[in-house]
>>> print(open('input-v1.cif').read())   # mmCIF, N, CA and C atoms
data_upload
loop_
_atom_site.label_atom_id
_atom_site.label_comp_id
_atom_site.auth_asym_id
_atom_site.auth_seq_id
_atom_site.Cartn_x
_atom_site.Cartn_y
_atom_site.Cartn_z
N MET A 1 -16.58 145.03 -28.75
CA MET A 1 -16.20 144.20 -27.63
C MET A 1 -16.55 144.92 -26.34
N PRO A 2 -17.53 144.43 -25.60
CA PRO A 2 -17.94 145.09 -24.36
C PRO A 2 -16.81 145.14 -23.33
N LEU A 3 -16.79 146.22 -22.59
CA LEU A 3 -15.78 146.37 -21.56
C LEU A 3 -16.12 145.49 -20.37
N SER A 4 -15.09 145.11 -19.62
CA SER A 4 -15.25 144.09 -18.59
C SER A 4 -15.97 144.56 -17.34
N ASN A 5 -15.88 145.84 -17.01
CA ASN A 5 -16.56 146.28 -15.79
C ASN A 5 -17.03 147.73 -15.93
N GLU A 6 -17.78 148.15 -14.95
CA GLU A 6 -18.36 149.50 -14.99
C GLU A 6 -17.30 150.60 -14.96
N LYS A 7 -16.22 150.37 -14.22
CA LYS A 7 -15.16 151.38 -14.17
C LYS A 7 -14.56 151.58 -15.56
N ASP A 8 -14.24 150.49 -16.24
CA ASP A 8 -13.68 150.59 -17.59
C ASP A 8 -14.65 151.28 -18.54
N LYS A 9 -15.92 150.95 -18.42
CA LYS A 9 -16.93 151.57 -19.27
C LYS A 9 -17.02 153.06 -18.99
N HIS A 10 -16.98 153.43 -17.72
CA HIS A 10 -17.03 154.85 -17.34
C HIS A 10 -15.82 155.60 -17.89
N ILE A 11 -14.65 155.01 -17.77
CA ILE A 11 -13.43 155.64 -18.30
C ILE A 11 -13.55 155.81 -19.81
N PHE A 12 -14.02 154.77 -20.50
CA PHE A 12 -14.18 154.83 -21.95
C PHE A 12 -15.18 155.91 -22.35
N PHE A 13 -16.31 155.95 -21.68
CA PHE A 13 -17.34 156.95 -21.95
C PHE A 13 -16.77 158.36 -21.76
N THR A 14 -16.08 158.56 -20.64
CA THR A 14 -15.51 159.88 -20.34
C THR A 14 -14.42 160.23 -21.34
N SER A 15 -13.63 159.25 -21.74
CA SER A 15 -12.58 159.54 -22.72
C SER A 15 -13.18 159.96 -24.06
N ILE A 16 -14.30 159.36 -24.46
CA ILE A 16 -14.96 159.79 -25.69
C ILE A 16 -15.44 161.23 -25.56
N ARG A 17 -15.98 161.57 -24.40
CA ARG A 17 -16.44 162.95 -24.18
C ARG A 17 -15.26 163.93 -24.29
N LEU A 18 -14.11 163.54 -23.74
CA LEU A 18 -12.93 164.41 -23.83
C LEU A 18 -12.39 164.46 -25.25
N MET A 19 -12.49 163.35 -25.99
CA MET A 19 -12.08 163.36 -27.40
C MET A 19 -12.94 164.34 -28.19
N ILE A 20 -14.22 164.40 -27.85
CA ILE A 20 -15.11 165.36 -28.50
C ILE A 20 -14.64 166.78 -28.20
N CYS A 21 -14.22 167.04 -26.97
CA CYS A 21 -13.68 168.37 -26.62
C CYS A 21 -12.48 168.71 -27.50
N VAL A 22 -11.59 167.73 -27.69
CA VAL A 22 -10.41 167.94 -28.53
C VAL A 22 -10.83 168.16 -29.97
N GLY A 23 -11.80 167.39 -30.44
CA GLY A 23 -12.29 167.56 -31.81
C GLY A 23 -12.84 168.95 -32.06
N HIS A 24 -13.46 169.53 -31.04
CA HIS A 24 -14.03 170.88 -31.16
C HIS A 24 -13.00 171.98 -30.93
N ALA A 25 -11.81 171.64 -30.49
CA ALA A 25 -10.83 172.65 -30.06
C ALA A 25 -10.49 173.66 -31.15
N ASP A 26 -10.46 173.20 -32.39
CA ASP A 26 -10.12 174.12 -33.48
C ASP A 26 -11.36 174.80 -34.06
N GLY A 27 -12.49 174.70 -33.34
CA GLY A 27 -13.70 175.38 -33.75
C GLY A 27 -14.59 174.58 -34.66
N TYR A 28 -14.13 173.40 -35.05
CA TYR A 28 -14.90 172.60 -36.00
C TYR A 28 -14.54 171.14 -35.80
N ILE A 29 -15.52 170.32 -35.51
CA ILE A 29 -15.28 168.88 -35.39
C ILE A 29 -15.52 168.27 -36.77
N SER A 30 -14.49 167.69 -37.34
CA SER A 30 -14.56 167.20 -38.72
C SER A 30 -15.39 165.92 -38.81
N GLN A 31 -15.78 165.60 -40.03
CA GLN A 31 -16.55 164.39 -40.26
C GLN A 31 -15.72 163.15 -39.91
N LYS A 32 -14.41 163.19 -40.16
CA LYS A 32 -13.56 162.06 -39.78
C LYS A 32 -13.56 161.87 -38.27
N GLU A 33 -13.51 162.96 -37.53
CA GLU A 33 -13.52 162.88 -36.07
C GLU A 33 -14.87 162.34 -35.58
N ILE A 34 -15.95 162.81 -36.17
CA ILE A 34 -17.28 162.33 -35.79
C ILE A 34 -17.42 160.84 -36.12
N SER A 35 -16.94 160.44 -37.28
CA SER A 35 -17.00 159.03 -37.66
C SER A 35 -16.23 158.16 -36.69
N ARG A 36 -15.06 158.62 -36.28
CA ARG A 36 -14.25 157.87 -35.32
C ARG A 36 -15.00 157.71 -34.00
N ILE A 37 -15.67 158.76 -33.58
CA ILE A 37 -16.44 158.70 -32.33
C ILE A 37 -17.57 157.69 -32.45
N TYR A 38 -18.31 157.76 -33.55
CA TYR A 38 -19.42 156.83 -33.74
C TYR A 38 -18.94 155.38 -33.82
N GLN A 39 -17.79 155.14 -34.43
CA GLN A 39 -17.24 153.79 -34.49
C GLN A 39 -16.94 153.27 -33.09
N MET A 40 -16.37 154.12 -32.24
CA MET A 40 -16.08 153.71 -30.86
C MET A 40 -17.36 153.44 -30.08
N VAL A 41 -18.36 154.30 -30.27
CA VAL A 41 -19.62 154.15 -29.55
C VAL A 41 -20.33 152.86 -29.95
N GLU A 42 -20.25 152.51 -31.23
CA GLU A 42 -20.92 151.29 -31.70
C GLU A 42 -20.29 150.02 -31.14
N LYS A 43 -19.03 150.08 -30.71
CA LYS A 43 -18.35 148.90 -30.17
C LYS A 43 -18.73 148.60 -28.73
N GLU A 44 -19.38 149.51 -28.08
CA GLU A 44 -19.72 149.35 -26.65
C GLU A 44 -21.22 149.52 -26.47
N HIS A 45 -21.75 148.83 -25.49
CA HIS A 45 -23.17 148.97 -25.17
C HIS A 45 -23.35 150.17 -24.25
N PHE A 46 -23.76 151.29 -24.83
CA PHE A 46 -24.06 152.47 -24.04
C PHE A 46 -25.58 152.59 -23.91
N THR A 47 -26.01 153.12 -22.79
CA THR A 47 -27.44 153.33 -22.60
C THR A 47 -27.91 154.45 -23.52
N LEU A 48 -29.22 154.54 -23.67
CA LEU A 48 -29.79 155.61 -24.48
C LEU A 48 -29.36 156.96 -23.92
N ARG A 49 -29.37 157.11 -22.61
CA ARG A 49 -28.97 158.37 -21.96
C ARG A 49 -27.51 158.70 -22.27
N GLU A 50 -26.63 157.72 -22.20
CA GLU A 50 -25.21 157.96 -22.49
C GLU A 50 -25.04 158.38 -23.95
N ARG A 51 -25.77 157.74 -24.84
CA ARG A 51 -25.70 158.12 -26.26
C ARG A 51 -26.22 159.54 -26.48
N GLN A 52 -27.25 159.90 -25.75
CA GLN A 52 -27.78 161.27 -25.84
C GLN A 52 -26.75 162.28 -25.36
N ILE A 53 -26.04 161.95 -24.29
CA ILE A 53 -24.99 162.85 -23.77
C ILE A 53 -23.91 163.04 -24.83
N LEU A 54 -23.48 161.95 -25.45
CA LEU A 54 -22.44 162.05 -26.48
C LEU A 54 -22.91 162.87 -27.67
N THR A 55 -24.14 162.66 -28.10
CA THR A 55 -24.69 163.44 -29.21
C THR A 55 -24.77 164.91 -28.83
N SER A 56 -25.20 165.18 -27.62
CA SER A 56 -25.26 166.56 -27.14
C SER A 56 -23.88 167.20 -27.12
N ASP A 57 -22.88 166.43 -26.68
CA ASP A 57 -21.50 166.95 -26.66
C ASP A 57 -21.02 167.29 -28.07
N ILE A 58 -21.39 166.47 -29.04
CA ILE A 58 -20.98 166.74 -30.43
C ILE A 58 -21.64 168.02 -30.92
N ASP A 59 -22.92 168.18 -30.60
CA ASP A 59 -23.67 169.36 -31.06
C ASP A 59 -23.32 170.62 -30.28
N GLU A 60 -23.11 170.48 -28.99
CA GLU A 60 -22.82 171.62 -28.11
C GLU A 60 -21.61 171.29 -27.25
N PRO A 61 -20.43 171.78 -27.66
CA PRO A 61 -19.20 171.42 -26.94
C PRO A 61 -19.26 171.78 -25.45
N LYS A 62 -18.75 170.88 -24.63
CA LYS A 62 -18.69 171.10 -23.18
C LYS A 62 -17.27 171.48 -22.79
N GLN A 63 -17.13 172.00 -21.59
CA GLN A 63 -15.82 172.33 -21.05
C GLN A 63 -15.22 171.07 -20.43
N PRO A 64 -13.96 170.79 -20.68
CA PRO A 64 -13.36 169.57 -20.12
C PRO A 64 -13.37 169.53 -18.59
N GLU A 65 -13.37 170.69 -17.95
CA GLU A 65 -13.40 170.72 -16.47
C GLU A 65 -14.61 169.97 -15.93
N SER A 66 -15.75 170.16 -16.58
CA SER A 66 -16.98 169.51 -16.10
C SER A 66 -16.95 168.00 -16.35
N ILE A 67 -16.16 167.57 -17.30
CA ILE A 67 -16.08 166.15 -17.64
C ILE A 67 -15.02 165.45 -16.79
N VAL A 68 -13.92 166.12 -16.53
CA VAL A 68 -12.78 165.52 -15.83
C VAL A 68 -13.01 165.41 -14.32
N GLU A 69 -13.89 166.21 -13.78
CA GLU A 69 -14.00 166.32 -12.32
C GLU A 69 -14.22 165.00 -11.59
N ASP A 70 -14.80 164.01 -12.27
CA ASP A 70 -15.01 162.74 -11.57
C ASP A 70 -14.02 161.65 -11.99
N LEU A 71 -12.88 162.05 -12.52
CA LEU A 71 -11.86 161.08 -12.94
C LEU A 71 -10.64 161.06 -12.03
N GLY A 72 -10.77 161.54 -10.83
CA GLY A 72 -9.62 161.59 -9.92
C GLY A 72 -9.07 160.24 -9.53
N PHE A 73 -9.83 159.18 -9.78
CA PHE A 73 -9.44 157.84 -9.38
C PHE A 73 -8.56 157.12 -10.40
N LEU A 74 -8.26 157.74 -11.51
CA LEU A 74 -7.50 157.07 -12.56
C LEU A 74 -6.07 156.80 -12.13
N SER A 75 -5.56 155.65 -12.54
CA SER A 75 -4.15 155.33 -12.33
C SER A 75 -3.32 156.12 -13.34
N LYS A 76 -2.03 156.13 -13.15
CA LYS A 76 -1.14 156.83 -14.08
C LYS A 76 -1.25 156.21 -15.48
N LEU A 77 -1.29 154.89 -15.54
CA LEU A 77 -1.42 154.21 -16.83
C LEU A 77 -2.73 154.59 -17.51
N GLU A 78 -3.82 154.64 -16.77
CA GLU A 78 -5.11 155.01 -17.34
C GLU A 78 -5.09 156.45 -17.85
N LYS A 79 -4.46 157.34 -17.11
CA LYS A 79 -4.36 158.74 -17.54
C LYS A 79 -3.54 158.85 -18.82
N LEU A 80 -2.43 158.14 -18.89
CA LEU A 80 -1.58 158.23 -20.08
C LEU A 80 -2.26 157.57 -21.28
N THR A 81 -3.01 156.51 -21.05
CA THR A 81 -3.76 155.88 -22.13
C THR A 81 -4.83 156.83 -22.65
N LEU A 82 -5.50 157.51 -21.74
CA LEU A 82 -6.49 158.52 -22.12
C LEU A 82 -5.83 159.63 -22.93
N LEU A 83 -4.67 160.07 -22.51
CA LEU A 83 -3.93 161.10 -23.22
C LEU A 83 -3.61 160.64 -24.65
N ARG A 84 -3.18 159.40 -24.77
CA ARG A 84 -2.88 158.84 -26.10
C ARG A 84 -4.14 158.86 -26.97
N GLN A 85 -5.29 158.51 -26.40
CA GLN A 85 -6.54 158.52 -27.16
C GLN A 85 -6.89 159.93 -27.62
N LEU A 86 -6.61 160.92 -26.79
CA LEU A 86 -6.90 162.31 -27.17
C LEU A 86 -6.06 162.72 -28.38
N TYR A 87 -4.80 162.31 -28.37
CA TYR A 87 -3.94 162.62 -29.53
C TYR A 87 -4.44 161.90 -30.78
N HIS A 88 -4.87 160.66 -30.63
CA HIS A 88 -5.37 159.92 -31.79
C HIS A 88 -6.60 160.61 -32.38
N MET A 89 -7.44 161.16 -31.52
CA MET A 89 -8.60 161.92 -32.02
C MET A 89 -8.12 163.16 -32.76
N ALA A 90 -7.16 163.86 -32.18
CA ALA A 90 -6.68 165.11 -32.78
C ALA A 90 -6.07 164.88 -34.15
N ILE A 91 -5.43 163.74 -34.36
CA ILE A 91 -4.79 163.51 -35.66
C ILE A 91 -5.66 162.69 -36.61
N ALA A 92 -6.93 162.51 -36.27
CA ALA A 92 -7.84 161.77 -37.15
C ALA A 92 -7.89 162.39 -38.54
N ASP A 93 -7.77 163.71 -38.59
CA ASP A 93 -7.77 164.40 -39.88
C ASP A 93 -6.35 164.64 -40.40
N ARG A 94 -5.39 163.91 -39.81
CA ARG A 94 -3.96 163.94 -40.21
C ARG A 94 -3.29 165.28 -39.92
N ASN A 95 -3.86 166.03 -38.98
CA ASN A 95 -3.30 167.33 -38.66
C ASN A 95 -3.53 167.63 -37.18
N LEU A 96 -2.47 167.96 -36.47
CA LEU A 96 -2.58 168.37 -35.07
C LEU A 96 -2.45 169.88 -35.02
N THR A 97 -3.59 170.55 -34.81
CA THR A 97 -3.56 172.01 -34.78
C THR A 97 -3.08 172.51 -33.42
N GLU A 98 -2.69 173.75 -33.40
CA GLU A 98 -2.23 174.36 -32.14
C GLU A 98 -3.36 174.39 -31.11
N SER A 99 -4.58 174.66 -31.56
CA SER A 99 -5.70 174.69 -30.61
C SER A 99 -6.00 173.30 -30.05
N GLU A 100 -5.85 172.26 -30.88
CA GLU A 100 -6.02 170.89 -30.38
C GLU A 100 -4.92 170.55 -29.37
N ARG A 101 -3.71 170.94 -29.71
CA ARG A 101 -2.57 170.70 -28.80
C ARG A 101 -2.81 171.43 -27.48
N ASP A 102 -3.28 172.65 -27.54
CA ASP A 102 -3.56 173.42 -26.31
C ASP A 102 -4.66 172.75 -25.48
N GLN A 103 -5.70 172.26 -26.15
CA GLN A 103 -6.79 171.59 -25.44
C GLN A 103 -6.30 170.31 -24.76
N ILE A 104 -5.47 169.56 -25.45
CA ILE A 104 -4.91 168.34 -24.86
C ILE A 104 -4.04 168.69 -23.66
N GLN A 105 -3.24 169.72 -23.78
CA GLN A 105 -2.40 170.15 -22.66
C GLN A 105 -3.28 170.58 -21.48
N HIS A 106 -4.36 171.28 -21.76
CA HIS A 106 -5.28 171.71 -20.71
C HIS A 106 -5.88 170.49 -19.99
N ILE A 107 -6.32 169.51 -20.77
CA ILE A 107 -6.89 168.29 -20.18
C ILE A 107 -5.82 167.55 -19.38
N ALA A 108 -4.60 167.49 -19.90
CA ALA A 108 -3.51 166.83 -19.17
C ALA A 108 -3.27 167.53 -17.83
N ASN A 109 -3.33 168.84 -17.83
CA ASN A 109 -3.18 169.59 -16.57
C ASN A 109 -4.31 169.24 -15.60
N LEU A 110 -5.53 169.16 -16.11
CA LEU A 110 -6.68 168.80 -15.26
C LEU A 110 -6.51 167.41 -14.67
N LEU A 111 -5.89 166.51 -15.44
CA LEU A 111 -5.67 165.14 -14.99
C LEU A 111 -4.39 165.01 -14.14
N LYS A 112 -3.69 166.14 -14.00
CA LYS A 112 -2.44 166.16 -13.23
C LYS A 112 -1.37 165.25 -13.83
N ILE A 113 -1.27 165.29 -15.15
CA ILE A 113 -0.22 164.57 -15.87
C ILE A 113 0.98 165.49 -15.95
N GLU A 114 2.14 164.97 -15.58
CA GLU A 114 3.36 165.78 -15.58
C GLU A 114 3.68 166.26 -16.99
N PRO A 115 4.19 167.50 -17.11
CA PRO A 115 4.53 168.04 -18.43
C PRO A 115 5.52 167.16 -19.20
N GLU A 116 6.44 166.51 -18.48
CA GLU A 116 7.42 165.64 -19.14
C GLU A 116 6.72 164.44 -19.80
N LYS A 117 5.73 163.89 -19.11
CA LYS A 117 4.99 162.76 -19.67
C LYS A 117 4.14 163.20 -20.85
N LEU A 118 3.55 164.36 -20.74
CA LEU A 118 2.78 164.92 -21.85
C LEU A 118 3.67 165.04 -23.08
N GLN A 119 4.84 165.59 -22.89
CA GLN A 119 5.78 165.76 -24.00
C GLN A 119 6.20 164.41 -24.59
N GLN A 120 6.46 163.43 -23.72
CA GLN A 120 6.85 162.11 -24.20
C GLN A 120 5.74 161.48 -25.05
N VAL A 121 4.51 161.58 -24.60
CA VAL A 121 3.40 161.00 -25.35
C VAL A 121 3.23 161.72 -26.68
N GLU A 122 3.30 163.05 -26.67
CA GLU A 122 3.15 163.80 -27.91
C GLU A 122 4.26 163.45 -28.90
N GLU A 123 5.49 163.37 -28.43
CA GLU A 123 6.60 163.01 -29.32
C GLU A 123 6.40 161.61 -29.90
N TRP A 124 5.92 160.68 -29.07
CA TRP A 124 5.68 159.32 -29.53
C TRP A 124 4.60 159.30 -30.61
N ILE A 125 3.54 160.05 -30.40
CA ILE A 125 2.45 160.13 -31.38
C ILE A 125 2.96 160.72 -32.69
N MET A 126 3.71 161.81 -32.60
CA MET A 126 4.20 162.48 -33.81
C MET A 126 5.22 161.60 -34.54
N GLU A 127 5.96 160.82 -33.80
CA GLU A 127 6.88 159.86 -34.40
C GLU A 127 6.08 158.83 -35.21
N GLY A 128 4.97 158.38 -34.66
CA GLY A 128 4.11 157.44 -35.37
C GLY A 128 3.53 158.03 -36.65
N VAL A 129 3.15 159.31 -36.59
CA VAL A 129 2.65 159.99 -37.78
C VAL A 129 3.74 160.03 -38.85
N SER A 130 4.96 160.33 -38.44
CA SER A 130 6.09 160.36 -39.38
C SER A 130 6.32 158.99 -40.01
N TRP A 131 6.24 157.94 -39.21
CA TRP A 131 6.42 156.59 -39.74
C TRP A 131 5.34 156.29 -40.77
N ARG A 132 4.12 156.66 -40.47
CA ARG A 132 3.01 156.40 -41.40
C ARG A 132 3.24 157.14 -42.72
N GLU A 133 3.66 158.40 -42.64
CA GLU A 133 3.92 159.19 -43.85
C GLU A 133 5.09 158.61 -44.63
N ARG A 134 6.09 158.14 -43.90
CA ARG A 134 7.26 157.53 -44.57
C ARG A 134 6.83 156.27 -45.31
N TRP A 135 5.96 155.47 -44.70
CA TRP A 135 5.46 154.27 -45.36
C TRP A 135 4.75 154.63 -46.66
N LYS A 136 3.95 155.68 -46.63
CA LYS A 136 3.25 156.11 -47.85
C LYS A 136 4.25 156.45 -48.96
N GLN A 137 5.35 157.07 -48.57
CA GLN A 137 6.40 157.39 -49.56
C GLN A 137 7.05 156.13 -50.10
N ILE A 138 7.28 155.16 -49.24
CA ILE A 138 7.94 153.92 -49.66
C ILE A 138 7.08 153.17 -50.67
N VAL A 139 5.80 153.03 -50.36
CA VAL A 139 4.93 152.25 -51.27
C VAL A 139 4.56 153.03 -52.53
N ALA A 140 4.73 154.34 -52.50
CA ALA A 140 4.41 155.15 -53.68
C ALA A 140 5.50 155.07 -54.74
N GLU A 141 6.70 154.65 -54.32
CA GLU A 141 7.84 154.62 -55.28
C GLU A 141 7.70 153.54 -56.31
#
>>> encode(input="input-v1.cif", output="structure tokens")
Amino acid sequence: MPLSNEKDKHIFFTSIRLMICVGHADGYISQKEISRIYQMVEKEHFTLRERQILTSDIDEPKQPESIVEDLGFLSKLEKLTLLRQLYHMAIADRNLTESERDQIQHIANLLKIEPEKLQQVEEWIMEGVSWRERWKQIVAE
């Protein structure tokens, strides 16, 4: 589903780049994480150049500072939505490592997200993971 305007597309593109940073945080971007990225990319019309940038990011991790620098215009809701997407990338392999958590915290700091909001989003994400695991237990009985 194509995004409605250039700003939304730019935010989405940048969020994918930051998700790649999170995927690389533990030193290895898993196949599940790469597959998730490719699925998102296929849903949007990106130019050849944008696709090359994303492929380059997967092959050669970039620093989030260089990616975040042009996102100062984001609203609080957009920042928190981006933060949620970063956590979803981190748990694609069903595990949130300390290095992924640190990278997300670093990106949140760059985006000037308050520590309390960061904590709230992380708790909400982890609560969702617990619910999913609980469901697996329920249907396994």
>>> atom_distance(input="input-v1.cif", atom1="CA of Ile67 in chain A", atom2="atom N of Leu18 in chain A")
6.9 Å
>>> atom_distance(input="input-v1.cif", atom1="atom C of Asp26 in chain A", atom2="atom N of Pro61 in chain A")
11.5 Å
>>> residues_around(input="input-v1.cif", residues="range 38-50 of chain A", least_positions_apart="2", cutoff="12 Å", atoms="only C-alpha atoms", output="JSON, numbers by chain")
{"A": [1, 2, 3, 4, 5, 6, 8, 9, 10, 12, 13, 14, 15, 16, 17, 19, 20, 31, 32, 33, 34, 35, 36, 52, 53, 54, 55, 56, 57, 58, 85, 89]}
>>> residues_around(input="input-v1.cif", residues="Ala25 in chain A", least_positions_apart="4", cutoff="7 Å", atoms="only C-alpha atoms", output="VMD selection string")
chain A and resid 21 99 to 100 103
>>> atom_distance(input="input-v1.cif", atom1="CA of Ile107 in chain A", atom2="CA of Pro64 in chain A")
6.6 Å
>>> resolve_selection(input="input-v1.cif", expression="the PyMOL selection byres (((chain A and resi 104 and name CA) around 8) and name CA)", output="PyMOL selection string")
chain A and resi 22+83+86-87+100-103+105-108
>>> closest_atom_pairs(input="input-v1.cif", of="range 36-97 of chain A", to="range 109-115 of chain A", cutoff="12 Å", atoms="only C-alpha atoms", output="tab-separated table")
residue	atom	partner	partner_atom	distance
A:Gln63	CA	A:Leu110	CA	11.4
A:Pro64	CA	A:Leu110	CA	8.3
A:Glu65	CA	A:Leu110	CA	7.1
A:Ser66	CA	A:Leu110	CA	10.4
A:Ile67	CA	A:Leu110	CA	10.1
A:Val68	CA	A:Leu110	CA	6.9
A:Glu69	CA	A:Leu110	CA	8.3
A:Asp70	CA	A:Leu111	CA	10.2
A:Leu71	CA	A:Leu111	CA	7.7
A:Gly72	CA	A:Leu111	CA	7.3
A:Phe73	CA	A:Leu111	CA	9.9
A:Leu74	CA	A:Leu111	CA	8.6
A:Ser75	CA	A:Leu111	CA	10.3
A:Lys76	CA	A:Ile113	CA	8.0
A:Leu77	CA	A:Ile113	CA	10.5
A:Glu78	CA	A:Leu111	CA	10.4
A:Lys79	CA	A:Leu111	CA	7.0
A:Leu80	CA	A:Ile113	CA	7.7
A:Thr81	CA	A:Ile113	CA	11.3
A:Leu82	CA	A:Leu111	CA	9.8
A:Leu83	CA	A:Ile113	CA	8.9
>>> select_by_dssp(input="input-v1.cif", residues="range 20-129 of chain A", states="helix (DSSP H, G or I)", output="number ranges by chain")
A: 20-24, 31-42, 48-59, 64-68, 76-90, 98-110, 115-129
>>> axis_aligned_box(input="input-v1.cif", around="range 52-70 of chain A", padding_each_side="4 Å", output="lines of an AutoDock Vina configuration file")
center_x = -20.3
center_y = 166.1
center_z = -21.3
size_x = 23.0
size_y = 20.4
size_z = 27.5
>>> closest_residue(input="input-v1.cif", among="A:Trp131, A:Val139, A:Asn95, A:Ala90", to="Gly23 in chain A", atoms="only C-alpha atoms")
A:Ala90
>>> residues_near_point(input="input-v1.cif", point="(-18.4, 171.4, -33.1)", cutoff="7 Å", atoms="only C-alpha atoms", output="list in words")
His24, Gly27, Tyr28, Ile29, Ile58, Asp59, Glu60 and Pro61 of chain A
>>> closest_atom_pairs(input="input-v1.cif", of="range 11-103 of chain A", to="range 123-129 of chain A", cutoff="9 Å", atoms="only C-alpha atoms", output="Markdown table")
| residue | atom | partner | partner_atom | distance |
| --- | --- | --- | --- | --- |
| A:Arg84 | CA | A:Ile125 | CA | 7.6 |
| A:Tyr87 | CA | A:Ile125 | CA | 7.1 |
| A:His88 | CA | A:Ile125 | CA | 7.8 |
| A:Ile91 | CA | A:Val129 | CA | 8.5 |
| A:Arg94 | CA | A:Val129 | CA | 8.1 |
>>> build_atoms(input="input-v1.cif", residues="range 40-46 of chain A", atoms="all heavy atoms", output="PDB file, keeping the file's coordinate frame")
ATOM      1  N   MET A  40     -16.370 154.120 -32.240  1.00  0.00           N
ATOM      2  CA  MET A  40     -16.080 153.710 -30.860  1.00  0.00           C
ATOM      3  C   MET A  40     -17.360 153.440 -30.080  1.00  0.00           C
ATOM      4  O   MET A  40     -17.450 152.471 -29.334  1.00  0.00           O
ATOM      5  CB  MET A  40     -15.238 154.767 -30.154  1.00  0.00           C
ATOM      6  CG  MET A  40     -13.817 154.831 -30.651  1.00  0.00           C
ATOM      7  SD  MET A  40     -12.807 155.989 -29.722  1.00  0.00           S
ATOM      8  CE  MET A  40     -13.467 157.535 -30.277  1.00  0.00           C
ATOM      9  N   VAL A  41     -18.360 154.300 -30.270  1.00  0.00           N
ATOM     10  CA  VAL A  41     -19.620 154.150 -29.550  1.00  0.00           C
ATOM     11  C   VAL A  41     -20.330 152.860 -29.950  1.00  0.00           C
ATOM     12  O   VAL A  41     -20.898 152.165 -29.108  1.00  0.00           O
ATOM     13  CB  VAL A  41     -20.526 155.382 -29.783  1.00  0.00           C
ATOM     14  CG1 VAL A  41     -21.932 155.153 -29.258  1.00  0.00           C
ATOM     15  CG2 VAL A  41     -19.908 156.620 -29.140  1.00  0.00           C
ATOM     16  N   GLU A  42     -20.250 152.510 -31.230  1.00  0.00           N
ATOM     17  CA  GLU A  42     -20.920 151.290 -31.700  1.00  0.00           C
ATOM     18  C   GLU A  42     -20.290 150.020 -31.140  1.00  0.00           C
ATOM     19  O   GLU A  42     -20.941 148.984 -31.068  1.00  0.00           O
ATOM     20  CB  GLU A  42     -20.928 151.240 -33.224  1.00  0.00           C
ATOM     21  CG  GLU A  42     -21.832 152.272 -33.851  1.00  0.00           C
ATOM     22  CD  GLU A  42     -23.263 152.185 -33.355  1.00  0.00           C
ATOM     23  OE1 GLU A  42     -23.809 151.064 -33.274  1.00  0.00           O
ATOM     24  OE2 GLU A  42     -23.829 153.243 -33.029  1.00  0.00           O
ATOM     25  N   LYS A  43     -19.030 150.080 -30.710  1.00  0.00           N
ATOM     26  CA  LYS A  43     -18.350 148.900 -30.170  1.00  0.00           C
ATOM     27  C   LYS A  43     -18.730 148.600 -28.730  1.00  0.00           C
ATOM     28  O   LYS A  43     -18.417 147.538 -28.212  1.00  0.00           O
ATOM     29  CB  LYS A  43     -16.831 149.088 -30.263  1.00  0.00           C
ATOM     30  CG  LYS A  43     -16.316 149.077 -31.676  1.00  0.00           C
ATOM     31  CD  LYS A  43     -14.829 149.280 -31.709  1.00  0.00           C
ATOM     32  CE  LYS A  43     -14.326 149.324 -33.138  1.00  0.00           C
ATOM     33  NZ  LYS A  43     -12.892 149.573 -33.187  1.00  0.00           N
ATOM     34  N   GLU A  44     -19.380 149.510 -28.080  1.00  0.00           N
ATOM     35  CA  GLU A  44     -19.720 149.350 -26.650  1.00  0.00           C
ATOM     36  C   GLU A  44     -21.220 149.520 -26.470  1.00  0.00           C
ATOM     37  O   GLU A  44     -21.851 150.291 -27.182  1.00  0.00           O
ATOM     38  CB  GLU A  44     -18.952 150.378 -25.816  1.00  0.00           C
ATOM     39  CG  GLU A  44     -19.197 150.307 -24.341  1.00  0.00           C
ATOM     40  CD  GLU A  44     -18.862 148.965 -23.718  1.00  0.00           C
ATOM     41  OE1 GLU A  44     -17.844 148.371 -24.106  1.00  0.00           O
ATOM     42  OE2 GLU A  44     -19.612 148.525 -22.848  1.00  0.00           O
ATOM     43  N   HIS A  45     -21.750 148.830 -25.490  1.00  0.00           N
ATOM     44  CA  HIS A  45     -23.170 148.970 -25.170  1.00  0.00           C
ATOM     45  C   HIS A  45     -23.350 150.170 -24.250  1.00  0.00           C
ATOM     46  O   HIS A  45     -23.088 150.091 -23.051  1.00  0.00           O
ATOM     47  CB  HIS A  45     -23.728 147.719 -24.500  1.00  0.00           C
ATOM     48  CG  HIS A  45     -25.143 147.876 -24.078  1.00  0.00           C
ATOM     49  ND1 HIS A  45     -26.189 147.878 -24.985  1.00  0.00           N
ATOM     50  CD2 HIS A  45     -25.706 148.096 -22.872  1.00  0.00           C
ATOM     51  CE1 HIS A  45     -27.314 148.069 -24.340  1.00  0.00           C
ATOM     52  NE2 HIS A  45     -27.057 148.204 -23.055  1.00  0.00           N
ATOM     53  N   PHE A  46     -23.760 151.290 -24.830  1.00  0.00           N
ATOM     54  CA  PHE A  46     -24.060 152.470 -24.040  1.00  0.00           C
ATOM     55  C   PHE A  46     -25.580 152.590 -23.910  1.00  0.00           C
ATOM     56  O   PHE A  46     -26.312 152.235 -24.843  1.00  0.00           O
ATOM     57  CB  PHE A  46     -23.504 153.745 -24.688  1.00  0.00           C
ATOM     58  CG  PHE A  46     -22.012 153.873 -24.584  1.00  0.00           C
ATOM     59  CD1 PHE A  46     -21.213 153.780 -25.703  1.00  0.00           C
ATOM     60  CD2 PHE A  46     -21.411 154.101 -23.354  1.00  0.00           C
ATOM     61  CE1 PHE A  46     -19.839 153.908 -25.607  1.00  0.00           C
ATOM     62  CE2 PHE A  46     -20.035 154.228 -23.244  1.00  0.00           C
ATOM     63  CZ  PHE A  46     -19.248 154.129 -24.373  1.00  0.00           C
TER      64      PHE A  46
END
